[in-house]
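Novice: Pasting in a structure now, in structure tokens, and then I'll have a few things to ask.
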Amino acid sequence: MKKKLIFVGIVSSVLFSVNVLAEEVGQVANSVEAQTVVKEKEEDVAADTKVLVDATTHYSIDQQKLAVGKSAKLSVKPILGVEVTGEFKEYKNEIIEVKKDGTVVALKEGTTDFAPNFLLSNETKQKIKEAYIKQPGNEKVKIETIALSHRDIAQIFKMEVGNPTETKKHQIDITPSFSIDKEKLEVGESGKVSIAPIEGVALKGKYKPSKNDFIELKEDGTYTALKPTKSVELMPFFTISDESLKAITKAYVSKPENAGVSESDIEFITKDIAFSFPVEIEKVVVPINWTVGIDKTTIKVGETAQLSLASQYGYAPKVDYPLNEENKFVKVTKEGVVTGVKVGKASINTTFNGLSKEEENKIKEAFIKEKKLTNLTIDDLEIGPRPENITSVGVEVVAASTGGGNNSGGNTTSKKTYAPVKKLPKTGERQTFITIISGFILIVASTFYLNKRNKQELD
């Protein structure tokens with residue numbers, strides 16, 4: 001008996017020792033595990049020293065009121081300008097169902113809240129990192145040091161599902177978007193206003209006519225310049241025809257994403273936006289005939305001719321001509337009077353300095369009158385450009401005539417007197433007299449020749 005008690009005591013001591021050893025071993029193991037966890041956290045901290053870029057997703061939805069069987073669409077807003085790709089996490093309750101592509105389907109009448117969850121694709125993550133590097137100040141950041149972070153923010157949407165009569169209609173924005181083909185016009189020139197298609201439909205309708213002192217807009221979108229100005233605002237307004245509205249409706253409901261939408265579900269909306277286009281209308285250019293002419297191309301020494309600029313719209317402008325002081329054949333005044341000085345052929349420089357302001361205005365007035373531009377003033381006009389080449393006209397100077405009344409030559413007079421001359425026979429009488437004399441001489445000569453010949457024969 002005593003031996004059994006001793007054996008039991010020994011066994012109990014052994015078991016106690018084993019338990020103590022096991023606890024120590026367990027404590028050591030726990031200590032190792034703790035060290036490992038601490039080490040892992042240290043590595044995570046080291047990883048946190050990387051450049052963190054916020055890639056938190058934000059959402060929008062096109063409708064929050066649906067009829068049973070209808071659908072809305074979730075979309076993810078760009079991150080750092082990157083259009084994201086990926087998948088929504090599927091979700092479903094008894095009121096709605098969210099699919100991977102972001103479609104929210106109404107299943108049953110009622111109200112429910114839900115928070116979308118979107119998983120970015122690897123391609124999008126890479127593009128976000130690249131976009132971050134491209135931002136000013138981030139050029140030296142290496143892409144492998146970038147880590148994307150995501151804030152744990154739940155964006156909650158409230159969805160109301162009811163019967164079709166209570167459902168908010170599909171809205172189509174039909175606010176017109178305009179453009180013009182010309183921003184600079186001449187008076188009388190026209191441009192065209194265009195309107196962008198809506199839902200791929202080329203719009204028909206009418207523009208609201210408008211007119212002021214400078215520009216006029218007609219129903220067909222044609223705008224015409226009326227009067228010069230640095231800038232005038234063209235503000236088009238357009239009424240879409242019923243035909244185009246019907247075409248827009250059909251185009252909208254025919255889209256795959258709008259399957260199940262009827263034409264009665266559509267509501268048109270317009271935004272209170274006014275389009276304004278600045279248009280410059282240039283001054284009217286008055287073309288000028290810069291040709292200078294002369295009324296005589298041949299003059300005598302001491303005789304004069306007149307230079308003149310071509311008539312402009314019925315008005316003869318006055319200009320100051322060059323004096324041509326180096327010309328030895330003629331003398332020219334600033335008024336354009338040319339006087340023959342020496343026999344010879346002269347080339348006269350007619351390139352005058354320009355038109356005075358007074359003469360320009362008179363030409364403009366003549367232009368307005370001839371073209372019947374009653375809505376314009378001289379301030380709306382400008383004189384056309386002048387050629388840069390030098391112009392000239394030619395004139396020949398000949399000697400003055402020595403004949404003249406009272407036997408005078410040129411501008412000199414002689415005091416010498418002459419005896420009166422007998423009156424000469426007229427032209428017909430003189431010819432008759434010469435004929436008679438010639439015949440008489442011929443008869444005498446013939447008689448003399450015959451008498452001489454007869455005398456020689458007798459000898």
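Following the order of the structure tokens, first chain is A, next is B, and so on, with residues numbered from 1 inside each chain and ligands from 1 in the order they appear.
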Quick one: everything within 10 Å of Lys296 in chain A, counting only C-alpha atoms, minus sequence neighbours fewer than 2 positions away in the same chain. Send it as a PyMOL selection string.
Specialist: chain A and resi 293-294+298-299+304-307+338+394-396
Novice: Could you please take those selected residues and save all heavy atoms as a PDB file, in the first residue's frame?
Specialist:
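After the write, again-v4.pdb holds the following:
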ATOM      1  N   GLY A 293      -4.272 111.721-115.273  1.00  0.00           N
ATOM      2  CA  GLY A 293      -4.230 111.952-116.718  1.00  0.00           C
ATOM      3  C   GLY A 293      -3.872 113.398-117.035  1.00  0.00           C
ATOM      4  O   GLY A 293      -3.735 114.238-116.139  1.00  0.00           O
ATOM      5  N   ILE A 294      -3.689 113.683-118.333  1.00  0.00           N
ATOM      6  CA  ILE A 294      -3.385 115.043-118.798  1.00  0.00           C
ATOM      7  C   ILE A 294      -4.283 115.335-119.989  1.00  0.00           C
ATOM      8  O   ILE A 294      -4.567 114.445-120.808  1.00  0.00           O
ATOM      9  CB  ILE A 294      -1.885 115.177-119.167  1.00  0.00           C
ATOM     10  CG1 ILE A 294      -1.518 116.632-119.419  1.00  0.00           C
ATOM     11  CG2 ILE A 294      -1.510 114.290-120.345  1.00  0.00           C
ATOM     12  CD1 ILE A 294      -0.014 116.871-119.499  1.00  0.00           C
ATOM     13  N   THR A 298       0.374 116.880-126.469  1.00  0.00           N
ATOM     14  CA  THR A 298       1.309 117.700-127.257  1.00  0.00           C
ATOM     15  C   THR A 298       0.996 119.163-126.984  1.00  0.00           C
ATOM     16  O   THR A 298      -0.161 119.591-127.118  1.00  0.00           O
ATOM     17  CB  THR A 298       1.185 117.414-128.759  1.00  0.00           C
ATOM     18  OG1 THR A 298       1.436 116.028-129.000  1.00  0.00           O
ATOM     19  CG2 THR A 298       2.196 118.243-129.548  1.00  0.00           C
ATOM     20  N   ILE A 299       2.005 119.911-126.582  1.00  0.00           N
ATOM     21  CA  ILE A 299       1.830 121.340-126.350  1.00  0.00           C
ATOM     22  C   ILE A 299       3.007 122.086-126.980  1.00  0.00           C
ATOM     23  O   ILE A 299       4.076 121.535-127.195  1.00  0.00           O
ATOM     24  CB  ILE A 299       1.747 121.676-124.843  1.00  0.00           C
ATOM     25  CG1 ILE A 299       2.992 121.185-124.104  1.00  0.00           C
ATOM     26  CG2 ILE A 299       0.490 121.101-124.216  1.00  0.00           C
ATOM     27  CD1 ILE A 299       3.027 121.603-122.648  1.00  0.00           C
ATOM     28  N   THR A 304       0.044 125.575-122.208  1.00  0.00           N
ATOM     29  CA  THR A 304      -0.191 124.835-120.954  1.00  0.00           C
ATOM     30  C   THR A 304      -1.136 123.646-121.176  1.00  0.00           C
ATOM     31  O   THR A 304      -1.939 123.638-122.112  1.00  0.00           O
ATOM     32  CB  THR A 304      -0.790 125.739-119.874  1.00  0.00           C
ATOM     33  OG1 THR A 304      -2.059 126.229-120.321  1.00  0.00           O
ATOM     34  CG2 THR A 304       0.135 126.886-119.538  1.00  0.00           C
ATOM     35  N   ALA A 305      -0.988 122.663-120.282  1.00  0.00           N
ATOM     36  CA  ALA A 305      -1.900 121.520-120.201  1.00  0.00           C
ATOM     37  C   ALA A 305      -2.247 121.308-118.721  1.00  0.00           C
ATOM     38  O   ALA A 305      -1.623 121.913-117.843  1.00  0.00           O
ATOM     39  CB  ALA A 305      -1.255 120.268-120.785  1.00  0.00           C
ATOM     40  N   GLN A 306      -3.247 120.458-118.432  1.00  0.00           N
ATOM     41  CA  GLN A 306      -3.701 120.285-117.054  1.00  0.00           C
ATOM     42  C   GLN A 306      -3.672 118.811-116.634  1.00  0.00           C
ATOM     43  O   GLN A 306      -4.213 117.942-117.317  1.00  0.00           O
ATOM     44  CB  GLN A 306      -5.140 120.806-116.901  1.00  0.00           C
ATOM     45  CG  GLN A 306      -5.725 120.655-115.519  1.00  0.00           C
ATOM     46  CD  GLN A 306      -5.015 121.511-114.483  1.00  0.00           C
ATOM     47  OE1 GLN A 306      -4.859 122.725-114.673  1.00  0.00           O
ATOM     48  NE2 GLN A 306      -4.570 120.890-113.395  1.00  0.00           N
ATOM     49  N   LEU A 307      -3.000 118.541-115.495  1.00  0.00           N
ATOM     50  CA  LEU A 307      -3.043 117.213-114.892  1.00  0.00           C
ATOM     51  C   LEU A 307      -4.305 117.084-114.042  1.00  0.00           C
ATOM     52  O   LEU A 307      -4.765 118.064-113.455  1.00  0.00           O
ATOM     53  CB  LEU A 307      -1.823 116.979-113.992  1.00  0.00           C
ATOM     54  CG  LEU A 307      -0.442 116.988-114.651  1.00  0.00           C
ATOM     55  CD1 LEU A 307       0.634 116.902-113.570  1.00  0.00           C
ATOM     56  CD2 LEU A 307      -0.313 115.835-115.628  1.00  0.00           C
ATOM     57  N   VAL A 338       0.743 122.331-116.422  1.00  0.00           N
ATOM     58  CA  VAL A 338       1.988 121.971-117.101  1.00  0.00           C
ATOM     59  C   VAL A 338       2.239 122.989-118.217  1.00  0.00           C
ATOM     60  O   VAL A 338       1.379 123.172-119.090  1.00  0.00           O
ATOM     61  CB  VAL A 338       1.910 120.548-117.687  1.00  0.00           C
ATOM     62  CG1 VAL A 338       3.213 120.194-118.406  1.00  0.00           C
ATOM     63  CG2 VAL A 338       1.598 119.547-116.596  1.00  0.00           C
ATOM     64  N   GLY A 394       3.249 111.207-120.156  1.00  0.00           N
ATOM     65  CA  GLY A 394       4.159 111.779-121.145  1.00  0.00           C
ATOM     66  C   GLY A 394       3.521 112.928-121.895  1.00  0.00           C
ATOM     67  O   GLY A 394       2.308 112.931-122.149  1.00  0.00           O
ATOM     68  N   VAL A 395       4.322 113.914-122.232  1.00  0.00           N
ATOM     69  CA  VAL A 395       3.856 115.054-123.026  1.00  0.00           C
ATOM     70  C   VAL A 395       4.998 115.499-123.944  1.00  0.00           C
ATOM     71  O   VAL A 395       6.165 115.482-123.550  1.00  0.00           O
ATOM     72  CB  VAL A 395       3.387 116.216-122.119  1.00  0.00           C
ATOM     73  CG1 VAL A 395       4.518 116.760-121.292  1.00  0.00           C
ATOM     74  CG2 VAL A 395       2.746 117.327-122.948  1.00  0.00           C
ATOM     75  N   GLU A 396       4.628 115.851-125.181  1.00  0.00           N
ATOM     76  CA  GLU A 396       5.629 116.328-126.144  1.00  0.00           C
ATOM     77  C   GLU A 396       5.496 117.842-126.294  1.00  0.00           C
ATOM     78  O   GLU A 396       4.391 118.361-126.489  1.00  0.00           O
ATOM     79  CB  GLU A 396       5.444 115.650-127.495  1.00  0.00           C
ATOM     80  CG  GLU A 396       6.505 116.063-128.503  1.00  0.00           C
ATOM     81  CD  GLU A 396       6.341 115.347-129.845  1.00  0.00           C
ATOM     82  OE1 GLU A 396       5.347 114.592-129.990  1.00  0.00           O
ATOM     83  OE2 GLU A 396       7.190 115.551-130.728  1.00  0.00           O
TER      84      GLU A 396
END
Novice: Enumerate, as a ChimeraX atom specification, the complete set of residues in range 272-308 of chain A that a backbone-based DSSP assignment places in strand (DSSP E).
Specialist: /A:277-282,284-286,292-294,298-300,304-308
Novice: So that I have them on file, write out the residues from the current selection with N, CA, C and O atoms, as a JSON list (two decimals), in the first residue's frame.
Specialist:
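The result, written out as out-v8.json:
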[["chain", "number", "residue", "atom", "x", "y", "z"],
["A", 277, "PHE", "N", -22.49, 85.95, -79.20],
["A", 277, "PHE", "CA", -21.29, 85.88, -80.04],
["A", 277, "PHE", "C", -20.88, 87.30, -80.44],
["A", 277, "PHE", "O", -21.67, 88.02, -81.06],
["A", 278, "PRO", "N", -19.65, 87.73, -80.13],
["A", 278, "PRO", "CA", -19.18, 89.04, -80.60],
["A", 278, "PRO", "C", -18.81, 88.97, -82.08],
["A", 278, "PRO", "O", -18.10, 88.08, -82.52],
["A", 279, "VAL", "N", -19.31, 89.93, -82.84],
["A", 279, "VAL", "CA", -19.03, 89.99, -84.28],
["A", 279, "VAL", "C", -18.45, 91.36, -84.60],
["A", 279, "VAL", "O", -18.98, 92.39, -84.19],
["A", 280, "GLU", "N", -17.33, 91.36, -85.31],
["A", 280, "GLU", "CA", -16.72, 92.62, -85.76],
["A", 280, "GLU", "C", -17.16, 92.90, -87.20],
["A", 280, "GLU", "O", -17.12, 92.02, -88.05],
["A", 281, "ILE", "N", -17.59, 94.13, -87.42],
["A", 281, "ILE", "CA", -18.00, 94.54, -88.77],
["A", 281, "ILE", "C", -17.03, 95.61, -89.25],
["A", 281, "ILE", "O", -16.92, 96.69, -88.65],
["A", 282, "GLU", "N", -16.30, 95.27, -90.30],
["A", 282, "GLU", "CA", -15.22, 96.14, -90.76],
["A", 282, "GLU", "C", -15.77, 97.36, -91.51],
["A", 282, "GLU", "O", -16.88, 97.34, -92.06],
["A", 284, "VAL", "N", -16.29, 100.07, -94.43],
["A", 284, "VAL", "CA", -16.45, 99.90, -95.87],
["A", 284, "VAL", "C", -15.26, 100.54, -96.58],
["A", 284, "VAL", "O", -14.94, 101.71, -96.33],
["A", 285, "VAL", "N", -14.60, 99.78, -97.41],
["A", 285, "VAL", "CA", -13.45, 100.30, -98.16],
["A", 285, "VAL", "C", -13.93, 100.95, -99.45],
["A", 285, "VAL", "O", -14.66, 100.34, -100.24],
["A", 286, "VAL", "N", -13.54, 102.20, -99.65],
["A", 286, "VAL", "CA", -13.90, 102.93, -100.86],
["A", 286, "VAL", "C", -12.78, 102.77, -101.88],
["A", 286, "VAL", "O", -11.68, 103.32, -101.69],
["A", 292, "VAL", "N", -3.69, 109.26, -112.89],
["A", 292, "VAL", "CA", -3.60, 110.69, -113.20],
["A", 292, "VAL", "C", -3.47, 110.84, -114.72],
["A", 292, "VAL", "O", -2.68, 110.14, -115.35],
["A", 293, "GLY", "N", -4.27, 111.72, -115.27],
["A", 293, "GLY", "CA", -4.23, 111.95, -116.72],
["A", 293, "GLY", "C", -3.87, 113.40, -117.04],
["A", 293, "GLY", "O", -3.73, 114.24, -116.14],
["A", 294, "ILE", "N", -3.69, 113.68, -118.33],
["A", 294, "ILE", "CA", -3.39, 115.04, -118.80],
["A", 294, "ILE", "C", -4.28, 115.34, -119.99],
["A", 294, "ILE", "O", -4.57, 114.45, -120.81],
["A", 298, "THR", "N", 0.37, 116.88, -126.47],
["A", 298, "THR", "CA", 1.31, 117.70, -127.26],
["A", 298, "THR", "C", 1.00, 119.16, -126.98],
["A", 298, "THR", "O", -0.16, 119.59, -127.12],
["A", 299, "ILE", "N", 2.01, 119.91, -126.58],
["A", 299, "ILE", "CA", 1.83, 121.34, -126.35],
["A", 299, "ILE", "C", 3.01, 122.09, -126.98],
["A", 299, "ILE", "O", 4.08, 121.54, -127.19],
["A", 300, "LYS", "N", 2.75, 123.35, -127.29],
["A", 300, "LYS", "CA", 3.82, 124.20, -127.84],
["A", 300, "LYS", "C", 4.57, 124.86, -126.70],
["A", 300, "LYS", "O", 4.11, 124.88, -125.56],
["A", 304, "THR", "N", 0.04, 125.58, -122.21],
["A", 304, "THR", "CA", -0.19, 124.83, -120.95],
["A", 304, "THR", "C", -1.14, 123.65, -121.18],
["A", 304, "THR", "O", -1.94, 123.64, -122.11],
["A", 305, "ALA", "N", -0.99, 122.66, -120.28],
["A", 305, "ALA", "CA", -1.90, 121.52, -120.20],
["A", 305, "ALA", "C", -2.25, 121.31, -118.72],
["A", 305, "ALA", "O", -1.62, 121.91, -117.84],
["A", 306, "GLN", "N", -3.25, 120.46, -118.43],
["A", 306, "GLN", "CA", -3.70, 120.29, -117.05],
["A", 306, "GLN", "C", -3.67, 118.81, -116.63],
["A", 306, "GLN", "O", -4.21, 117.94, -117.32],
["A", 307, "LEU", "N", -3.00, 118.54, -115.50],
["A", 307, "LEU", "CA", -3.04, 117.21, -114.89],
["A", 307, "LEU", "C", -4.31, 117.08, -114.04],
["A", 307, "LEU", "O", -4.76, 118.06, -113.46],
["A", 308, "SER", "N", -4.85, 115.88, -113.95],
["A", 308, "SER", "CA", -6.04, 115.68, -113.11],
["A", 308, "SER", "C", -6.14, 114.21, -112.69],
["A", 308, "SER", "O", -5.84, 113.30, -113.46]]
Novice: Rounded to one decimal in Å, what is the spacing between CA of Thr270 in chain A and CA of Lys218 in chain A?
Specialist: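 Here the two named atoms are 22.6 Å from each other.
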Novice: Can you pull out every residue within 12 Å of Lys331 in chain A, counting only C-alpha atoms, but drop anything in the same chain fewer than 4 positions away, and send it as a VMD selection string?
Specialist: chain A and resid 301 to 306 321 to 327 335 to 342 346 to 349 395 397
Novice: Kindly save the residues from that selection, with C-alpha atoms included, as a PDB file, in the first residue's frame.
Specialist:
ATOM      1  CA  VAL A 301       6.496 126.073-126.008  1.00  0.00           C
ATOM      2  CA  GLY A 302       4.664 128.494-123.739  1.00  0.00           C
ATOM      3  CA  GLU A 303       1.400 126.540-123.996  1.00  0.00           C
ATOM      4  CA  THR A 304      -0.191 124.835-120.954  1.00  0.00           C
ATOM      5  CA  ALA A 305      -1.900 121.520-120.201  1.00  0.00           C
ATOM      6  CA  GLN A 306      -3.701 120.285-117.054  1.00  0.00           C
ATOM      7  CA  TYR A 321       1.230 117.406-107.656  1.00  0.00           C
ATOM      8  CA  PRO A 322       5.050 117.169-107.503  1.00  0.00           C
ATOM      9  CA  LEU A 323       6.798 120.188-109.053  1.00  0.00           C
ATOM     10  CA  ASN A 324       9.141 118.149-111.304  1.00  0.00           C
ATOM     11  CA  GLU A 325      11.856 120.789-110.810  1.00  0.00           C
ATOM     12  CA  GLU A 326      14.470 118.639-112.530  1.00  0.00           C
ATOM     13  CA  ASN A 327      12.420 118.462-115.746  1.00  0.00           C
ATOM     14  CA  GLU A 335      -2.169 122.557-108.990  1.00  0.00           C
ATOM     15  CA  GLY A 336      -1.120 120.393-111.960  1.00  0.00           C
ATOM     16  CA  VAL A 337      -0.665 123.119-114.576  1.00  0.00           C
ATOM     17  CA  VAL A 338       1.988 121.971-117.101  1.00  0.00           C
ATOM     18  CA  THR A 339       3.751 124.643-119.213  1.00  0.00           C
ATOM     19  CA  GLY A 340       5.965 123.868-122.224  1.00  0.00           C
ATOM     20  CA  VAL A 341       9.462 125.283-121.701  1.00  0.00           C
ATOM     21  CA  LYS A 342      11.719 123.563-124.232  1.00  0.00           C
ATOM     22  CA  ALA A 346       8.864 115.080-121.189  1.00  0.00           C
ATOM     23  CA  SER A 347       7.935 112.394-118.673  1.00  0.00           C
ATOM     24  CA  ILE A 348       6.036 114.003-115.798  1.00  0.00           C
ATOM     25  CA  ASN A 349       6.047 112.430-112.349  1.00  0.00           C
ATOM     26  CA  VAL A 395       3.856 115.054-123.026  1.00  0.00           C
ATOM     27  CA  VAL A 397       6.666 119.970-126.365  1.00  0.00           C
TER      28      VAL A 397
END
Novice: Find the spatial neighbours of Glu382 in chain A, counting only C-alpha atoms, within a cut-off of 12 Å - ignore same-chain residues fewer than 3 positions away - and output them as a short mmCIF file (atom, residue, chain, number, x, y, z; two decimals) with all heavy atoms, in the first residue's frame.
Specialist:
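Here's the written file result-v1.cif:
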data_model
loop_
_atom_site.label_atom_id
_atom_site.label_comp_id
_atom_site.auth_asym_id
_atom_site.auth_seq_id
_atom_site.Cartn_x
_atom_site.Cartn_y
_atom_site.Cartn_z
N PRO A 228 -20.57 99.34 -89.82
CA PRO A 228 -19.30 98.98 -89.18
C PRO A 228 -19.31 99.24 -87.67
O PRO A 228 -19.88 100.22 -87.19
CB PRO A 228 -18.28 99.89 -89.88
CG PRO A 228 -18.91 100.23 -91.18
CD PRO A 228 -20.37 100.33 -90.89
N GLU A 282 -16.30 95.27 -90.30
CA GLU A 282 -15.22 96.14 -90.76
C GLU A 282 -15.77 97.36 -91.51
O GLU A 282 -16.88 97.34 -92.06
CB GLU A 282 -14.29 95.36 -91.69
CG GLU A 282 -13.61 94.18 -91.01
CD GLU A 282 -12.78 93.37 -91.98
OE1 GLU A 282 -13.30 93.07 -93.08
OE2 GLU A 282 -11.63 93.05 -91.67
N LYS A 283 -14.97 98.43 -91.51
CA LYS A 283 -15.35 99.63 -92.25
C LYS A 283 -15.43 99.32 -93.75
O LYS A 283 -14.72 98.47 -94.27
CB LYS A 283 -14.35 100.75 -92.00
CG LYS A 283 -14.47 101.38 -90.62
CD LYS A 283 -13.63 102.64 -90.53
CE LYS A 283 -13.85 103.34 -89.19
NZ LYS A 283 -13.14 104.63 -89.12
N VAL A 284 -16.29 100.07 -94.43
CA VAL A 284 -16.45 99.90 -95.87
C VAL A 284 -15.26 100.54 -96.58
O VAL A 284 -14.94 101.71 -96.33
CB VAL A 284 -17.76 100.53 -96.36
CG1 VAL A 284 -17.88 100.39 -97.87
CG2 VAL A 284 -18.95 99.87 -95.66
N VAL A 285 -14.60 99.78 -97.41
CA VAL A 285 -13.45 100.30 -98.16
C VAL A 285 -13.93 100.95 -99.45
O VAL A 285 -14.66 100.34 -100.24
CB VAL A 285 -12.44 99.17 -98.47
CG1 VAL A 285 -11.28 99.70 -99.31
CG2 VAL A 285 -11.93 98.56 -97.18
N VAL A 286 -13.54 102.20 -99.65
CA VAL A 286 -13.90 102.93 -100.86
C VAL A 286 -12.78 102.77 -101.88
O VAL A 286 -11.68 103.32 -101.69
CB VAL A 286 -14.12 104.43 -100.55
CG1 VAL A 286 -14.52 105.17 -101.83
CG2 VAL A 286 -15.18 104.60 -99.48
N PRO A 287 -12.99 102.02 -102.94
CA PRO A 287 -11.93 101.85 -103.96
C PRO A 287 -11.66 103.17 -104.68
O PRO A 287 -12.60 103.90 -105.03
CB PRO A 287 -12.53 100.81 -104.92
CG PRO A 287 -13.65 100.16 -104.17
CD PRO A 287 -14.19 101.21 -103.26
N ILE A 288 -10.40 103.48 -104.86
CA ILE A 288 -10.02 104.73 -105.52
C ILE A 288 -9.28 104.42 -106.82
O ILE A 288 -8.42 103.53 -106.86
CB ILE A 288 -9.10 105.57 -104.61
CG1 ILE A 288 -9.85 105.97 -103.33
CG2 ILE A 288 -8.60 106.82 -105.33
CD1 ILE A 288 -11.02 106.89 -103.55
N LYS A 357 -7.74 115.34 -95.97
CA LYS A 357 -8.91 114.83 -95.25
C LYS A 357 -10.20 115.37 -95.86
O LYS A 357 -11.19 114.64 -95.99
CB LYS A 357 -8.82 115.25 -93.77
CG LYS A 357 -9.80 114.53 -92.88
CD LYS A 357 -9.46 113.06 -92.77
CE LYS A 357 -10.40 112.33 -91.82
NZ LYS A 357 -10.11 110.89 -91.76
N GLU A 360 -10.86 113.42 -99.05
CA GLU A 360 -11.32 112.07 -98.73
C GLU A 360 -12.79 112.06 -98.36
O GLU A 360 -13.56 111.21 -98.80
CB GLU A 360 -10.48 111.50 -97.58
CG GLU A 360 -9.09 111.03 -97.97
CD GLU A 360 -8.39 110.31 -96.83
OE1 GLU A 360 -8.97 110.26 -95.72
OE2 GLU A 360 -7.28 109.81 -97.04
N ASN A 361 -13.18 113.01 -97.53
CA ASN A 361 -14.58 113.07 -97.10
C ASN A 361 -15.52 113.35 -98.26
O ASN A 361 -16.63 112.79 -98.32
CB ASN A 361 -14.75 114.15 -96.02
CG ASN A 361 -14.10 113.74 -94.71
OD1 ASN A 361 -13.83 112.56 -94.48
ND2 ASN A 361 -13.85 114.71 -93.84
N ILE A 363 -15.01 112.45 -101.36
CA ILE A 363 -15.10 111.20 -102.12
C ILE A 363 -16.04 110.22 -101.41
O ILE A 363 -16.86 109.54 -102.05
CB ILE A 363 -13.70 110.58 -102.30
CG1 ILE A 363 -12.84 111.48 -103.20
CG2 ILE A 363 -13.81 109.18 -102.92
CD1 ILE A 363 -11.40 111.04 -103.31
N LYS A 364 -15.93 110.14 -100.09
CA LYS A 364 -16.81 109.25 -99.32
C LYS A 364 -18.28 109.63 -99.49
O LYS A 364 -19.15 108.77 -99.65
CB LYS A 364 -16.43 109.29 -97.84
CG LYS A 364 -15.09 108.64 -97.52
CD LYS A 364 -14.76 108.78 -96.04
CE LYS A 364 -13.42 108.18 -95.69
NZ LYS A 364 -13.09 108.34 -94.25
N GLU A 365 -18.54 110.92 -99.45
CA GLU A 365 -19.92 111.39 -99.65
C GLU A 365 -20.43 111.01 -101.03
O GLU A 365 -21.59 110.59 -101.19
CB GLU A 365 -19.98 112.90 -99.44
CG GLU A 365 -19.78 113.32 -97.99
CD GLU A 365 -19.63 114.83 -97.84
OE1 GLU A 365 -19.55 115.51 -98.88
OE2 GLU A 365 -19.59 115.31 -96.69
N PHE A 367 -19.39 108.49 -102.80
CA PHE A 367 -19.55 107.03 -102.79
C PHE A 367 -20.88 106.64 -102.15
O PHE A 367 -21.61 105.80 -102.68
CB PHE A 367 -18.38 106.40 -102.03
CG PHE A 367 -18.42 104.91 -101.93
CD1 PHE A 367 -17.97 104.12 -102.98
CD2 PHE A 367 -18.94 104.28 -100.80
CE1 PHE A 367 -18.01 102.73 -102.89
CE2 PHE A 367 -18.98 102.90 -100.71
CZ PHE A 367 -18.51 102.12 -101.76
N ILE A 368 -21.19 107.23 -101.00
CA ILE A 368 -22.45 106.92 -100.31
C ILE A 368 -23.64 107.27 -101.19
O ILE A 368 -24.62 106.50 -101.29
CB ILE A 368 -22.52 107.70 -98.97
CG1 ILE A 368 -21.51 107.12 -97.98
CG2 ILE A 368 -23.93 107.64 -98.39
CD1 ILE A 368 -21.38 107.91 -96.70
N LEU A 376 -25.23 104.64 -93.78
CA LEU A 376 -23.83 104.84 -93.42
C LEU A 376 -23.47 106.32 -93.40
O LEU A 376 -24.11 107.15 -94.04
CB LEU A 376 -22.91 104.11 -94.41
CG LEU A 376 -23.09 102.60 -94.56
CD1 LEU A 376 -22.03 102.05 -95.50
CD2 LEU A 376 -23.03 101.91 -93.21
N THR A 377 -22.43 106.63 -92.64
CA THR A 377 -21.84 107.97 -92.63
C THR A 377 -20.40 107.87 -93.10
O THR A 377 -19.86 106.76 -93.25
CB THR A 377 -21.88 108.57 -91.21
OG1 THR A 377 -20.99 107.81 -90.36
CG2 THR A 377 -23.29 108.53 -90.63
N ILE A 378 -19.77 109.02 -93.29
CA ILE A 378 -18.38 108.99 -93.77
C ILE A 378 -17.45 108.33 -92.77
O ILE A 378 -16.39 107.82 -93.13
CB ILE A 378 -17.88 110.41 -94.12
CG1 ILE A 378 -17.95 111.33 -92.89
CG2 ILE A 378 -18.67 110.98 -95.28
CD1 ILE A 378 -17.36 112.72 -93.15
N ASP A 379 -17.84 108.31 -91.49
CA ASP A 379 -17.00 107.65 -90.47
C ASP A 379 -17.03 106.13 -90.60
O ASP A 379 -16.18 105.44 -90.02
CB ASP A 379 -17.48 108.04 -89.07
CG ASP A 379 -17.24 109.51 -88.77
OD1 ASP A 379 -16.29 110.07 -89.36
OD2 ASP A 379 -18.01 110.10 -87.98
N PRO A 385 -6.57 101.23 -100.40
CA PRO A 385 -5.10 101.35 -100.47
C PRO A 385 -4.63 101.92 -101.80
O PRO A 385 -5.28 101.75 -102.83
CB PRO A 385 -4.63 99.90 -100.28
CG PRO A 385 -5.79 99.07 -100.73
CD PRO A 385 -7.02 99.83 -100.35
#
Novice: Within 12 Å of Ser177 in chain A, counting only C-alpha atoms, which residues show up once you throw out same-chain ones fewer than 2 positions away? Write them as number ranges by chain, please.
Specialist: A: 173-175, 179-180, 193-198, 202-203, 235-238, 270-271, 273-276
Novice: Please report, as a PyMOL selection string, each residue of range 84-245 of chain A to which DSSP assigns alpha helix (DSSP H) when run on this structure's backbone.
Specialist: chain A and resi 122-134+242-245
Novice: Excluding range 253-261 of chain A and its own-chain neighbours fewer than 5 positions away, which residues fall within 10 Å of it when counting only C-alpha atoms? Please give them as a list in words.
Specialist: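 Listing them by chain and then by number gives Gly69, Lys70, Ser71, Ala72, Lys73, Thr103, Lys169, His170, Glu199, Ile248 and Ile266 of chain A.
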Novice: Show me, as a list in words, the residues that have an atom within 8 Å of Ser121 in chain A when counting only C-alpha atoms, minus same-chain residues fewer than 6 positions from it.
Specialist: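 Skipping anything fewer than 6 positions along the chain leaves Val84, Thr85, Gly86 and Glu87 of chain A.
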Novice: One decimal, Å: what's the distance from CA of Asp101 in chain A over to CA of Asp152 in chain A, could you say?
Specialist: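 Calculated distance between CA of Asp101 in chain A and CA of Asp152 in chain A is 21.8 Å.
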Novice: For Leu381 in chain A, which residue out of A:Thr224, A:Glu186, A:Glu243, A:Phe352 is the nearest one, using only C-alpha atoms?
Specialist: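 Smallest distance to Leu381 in chain A is found for A:Glu186.
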